[in-house]
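Participant: Have a look at the structure that comes next, please.
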Amino acid sequence: MKEEPPTQRTPPASPTPSLSLQPPREDSDPPALWIFGYGSLVWRPDFAYSNSRVGFVRGYSRRFWQGDTFHRGSDKMPGRVVTLLEDHEGCTWGVAYEVRGEQISEALKYLDVREAVLGGYDTKVVTFYPQDAPDQPLRALAYVATPQNPGYLGPAPEEDIATQILACSGRSGHNLEYLLRLADFIRLCGPQAQDEHLAAIVDAVGALLPCFCPSGQTLAMA
C-alpha cells in the first residue's frame, strides 16, 4: 500500500463500498470501523486510530505487481509496491486499525486520496483474523489494486522486480526502503507469517546489490 498524499487538491476518489460498522461496545462508545493494511500502512498509517492489531486475511496473497509513480517511483521509472491477489490457499499478514467516531470520516478521506486517487486502489471488504484471537475474526476495509487501473504492472520474474526496486525512488524515499520495511514487519510477526514472494524478492535484491553498489557504498534511504 502507498503513503502520504501531497497537499494540493486532488480529484474525488471512487466511492467507498458499504461496510457495516461494529456496534458500540458501551452506550458512550461510537461505532467502529476496521481498516486492513498490508503494505506501507503496516508501519506508516498516518491517520488517527483507536486500536491496532496484527493478524492476517485468508484467500489473498501479497504481490509486488502495482506500479508507483509518486511515492516510490516516477513517471519515467515506476516503482513496485504491493497489492492483494485472490488466492484460495493464500494468507497475508498485516495490521488492522480500528477507527471510531470522527476518526472514521477523517481516515477514509485521507486514504481515498493516498490509496485511490494517487495509488489506483479500489476498496474491498475482507475478513481479518487477529493474531491474538484468530477465532474472533473482524470485517475490515482493504485497498486493493486490480489489473483495471492504469498503474498496474502485473507479474514479472523476481529478479526483474528486484532490479526495478533497486533502481527506483520517489517522494517518500527509495523503493528499496519500502521492500525492507515490509520484510522487517513480516519477521516480527513470527515464523507463521510466511511470504515466499516477498522473501524471493529480498533474496534477489541481496544478489543484485553489489552490481548497484560496487564500491561498497550503501543506498541512501530518504
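As shown in the C-alpha cells, the chain order sets the letters A, B, ...; within each chain, residues go from 1, and ligands are also counted from 1 in the order they appear.
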Need the shell around Ile186 of chain A: protein/DNA/RNA residues with any atom at most 10 Å away, counting only C-alpha atoms. Skip same-chain ones fewer than 4 positions apart. Format as a list in words?
Facilitator: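 Listing them by chain and then by number gives Val42, Thr92, Trp93, Gly94, Leu180, Arg181, Leu182, Gly190, Pro191, Gln192, Ala193, Gln194, Asp195, Leu198 and Ala199 of chain A.
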Participant: Restrict the calculation to only C-alpha atoms, then for each residue of segment 47-127 of chain A with any atom at most 7 Å from an atom of segment 29-36 of chain A give the closest atom pair and their distance in Å to one decimal, rows by chain and rising residue number, as CSV.
Facilitator:
residue,atom,partner,partner_atom,distance
A:Gly94,CA,A:Phe36,CA,6.9
A:Val95,CA,A:Phe36,CA,5.8
A:Ala96,CA,A:Phe36,CA,4.3
A:Tyr97,CA,A:Ile35,CA,5.1
A:Glu98,CA,A:Trp34,CA,4.5
A:Val99,CA,A:Leu33,CA,5.3
A:Arg100,CA,A:Ala32,CA,4.6
A:Gly101,CA,A:Pro30,CA,5.2
A:Ile104,CA,A:Leu33,CA,6.8
Participant: Okay, now the selection with N, CA, C and O atoms, as a short mmCIF file (atom, residue, chain, number, x, y, z; two decimals), in the first residue's frame?
Facilitator:
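Written file, result.cif:
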data_model
loop_
_atom_site.label_atom_id
_atom_site.label_comp_id
_atom_site.auth_asym_id
_atom_site.auth_seq_id
_atom_site.Cartn_x
_atom_site.Cartn_y
_atom_site.Cartn_z
N GLY A 94 -0.77 -8.60 8.12
CA GLY A 94 -0.74 -7.15 8.11
C GLY A 94 -1.24 -6.62 9.44
O GLY A 94 -1.20 -7.31 10.46
N VAL A 95 -1.73 -5.39 9.42
CA VAL A 95 -2.22 -4.72 10.62
C VAL A 95 -3.62 -4.18 10.35
O VAL A 95 -3.86 -3.56 9.31
N ALA A 96 -4.54 -4.42 11.28
CA ALA A 96 -5.88 -3.83 11.21
C ALA A 96 -5.95 -2.68 12.21
O ALA A 96 -5.55 -2.82 13.37
N TYR A 97 -6.45 -1.55 11.74
CA TYR A 97 -6.58 -0.36 12.57
C TYR A 97 -8.06 -0.08 12.84
O TYR A 97 -8.88 -0.07 11.91
N GLU A 98 -8.38 0.12 14.10
CA GLU A 98 -9.75 0.45 14.49
C GLU A 98 -9.91 1.96 14.55
O GLU A 98 -9.17 2.65 15.27
N VAL A 99 -10.86 2.49 13.79
CA VAL A 99 -11.17 3.92 13.84
C VAL A 99 -12.60 4.07 14.34
O VAL A 99 -13.48 3.27 14.01
N ARG A 100 -12.81 5.10 15.15
CA ARG A 100 -14.11 5.31 15.79
C ARG A 100 -14.55 6.77 15.68
O ARG A 100 -13.73 7.68 15.64
N GLY A 101 -15.86 6.96 15.64
CA GLY A 101 -16.41 8.32 15.65
C GLY A 101 -15.87 9.17 14.51
O GLY A 101 -15.88 8.77 13.34
N ILE A 104 -13.35 7.96 11.74
CA ILE A 104 -13.75 7.19 10.56
C ILE A 104 -13.74 8.05 9.31
O ILE A 104 -13.10 7.72 8.30
#
Participant: Atom CA of Ser169 of chain A to atom CA of Gly154 of chain A: how many Å, to one decimal?
Facilitator: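 Calculated distance between atom CA of Ser169 of chain A and atom CA of Gly154 of chain A is 19.2 Å.
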Participant: Have a look at A:Ala204, A:Leu111, A:Leu118, A:Val126 and name the one nearest to His71 of chain A; count only C-alpha atoms.
Facilitator: A:Leu118
Participant: What separation in Å, quoted to one decimal, exists between atom CA of Tyr49 of chain A and atom CA of Ala142 of chain A?
Facilitator: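 Here the two named atoms are 15.4 Å from each other.
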Participant: Quick one, how far is atom CA of Ser61 of chain A from atom CA of Ala183 of chain A?
Facilitator: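 These two atoms are separated by 14.7 Å.
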Participant: Considering only C-alpha atoms, state which residue in the set A:Gly173, A:Pro134, A:Gly39, A:Gly119 is at the smallest distance from Tyr152 of chain A.
Facilitator: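 Checking each candidate against Tyr152 of chain A, we get A:Gly119 as the closest.
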Participant: Apply DSSP to the structure's backbone, then extract all residues of segment 149-199 of chain A labelled strand (DSSP E or B) and return them as a list in words.
Facilitator: Tyr152, Ser169, Gly170, Gly173 and His174 of chain A
Participant: Selection from above, N, CA, C and O atoms, as a compact mmCIF listing (two decimals), in the first residue's frame, can you write it?
Facilitator:
# COMPACT_ATOMS: atom_id res chain seq x y z
N TYR A 152 -1.17 -0.58 -12.96
CA TYR A 152 -0.93 -1.99 -12.71
C TYR A 152 0.19 -2.52 -13.62
O TYR A 152 0.16 -2.32 -14.83
N SER A 169 13.11 5.41 -7.02
CA SER A 169 12.82 6.16 -5.79
C SER A 169 11.79 7.23 -6.12
O SER A 169 11.61 7.60 -7.28
N GLY A 170 11.11 7.71 -5.09
CA GLY A 170 10.06 8.72 -5.27
C GLY A 170 10.07 9.71 -4.13
O GLY A 170 11.03 9.81 -3.37
N GLY A 173 10.76 8.30 -0.68
CA GLY A 173 12.00 7.59 -0.45
C GLY A 173 12.27 6.52 -1.48
O GLY A 173 11.55 6.37 -2.48
N HIS A 174 13.33 5.76 -1.23
CA HIS A 174 13.75 4.72 -2.17
C HIS A 174 12.79 3.53 -2.11
O HIS A 174 12.27 3.18 -1.05
Participant: Between A:Ala156, A:Tyr38, A:Val57, A:Leu108, which one has atoms that come closest to Leu138 of chain A, using only C-alpha atoms?
Facilitator: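 Checking each of A:Ala156, A:Tyr38, A:Val57, A:Leu108 against Leu138 of chain A, counting only C-alpha atoms, the winner is A:Val57.
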Participant: Return as a PyMOL selection string the full set of residues in segment 20-219 of chain A whose backbone-based DSSP assignment is helix (DSSP H, G or I).
Facilitator: chain A and resi 40-42+102-117+158-167+175-189+196-212
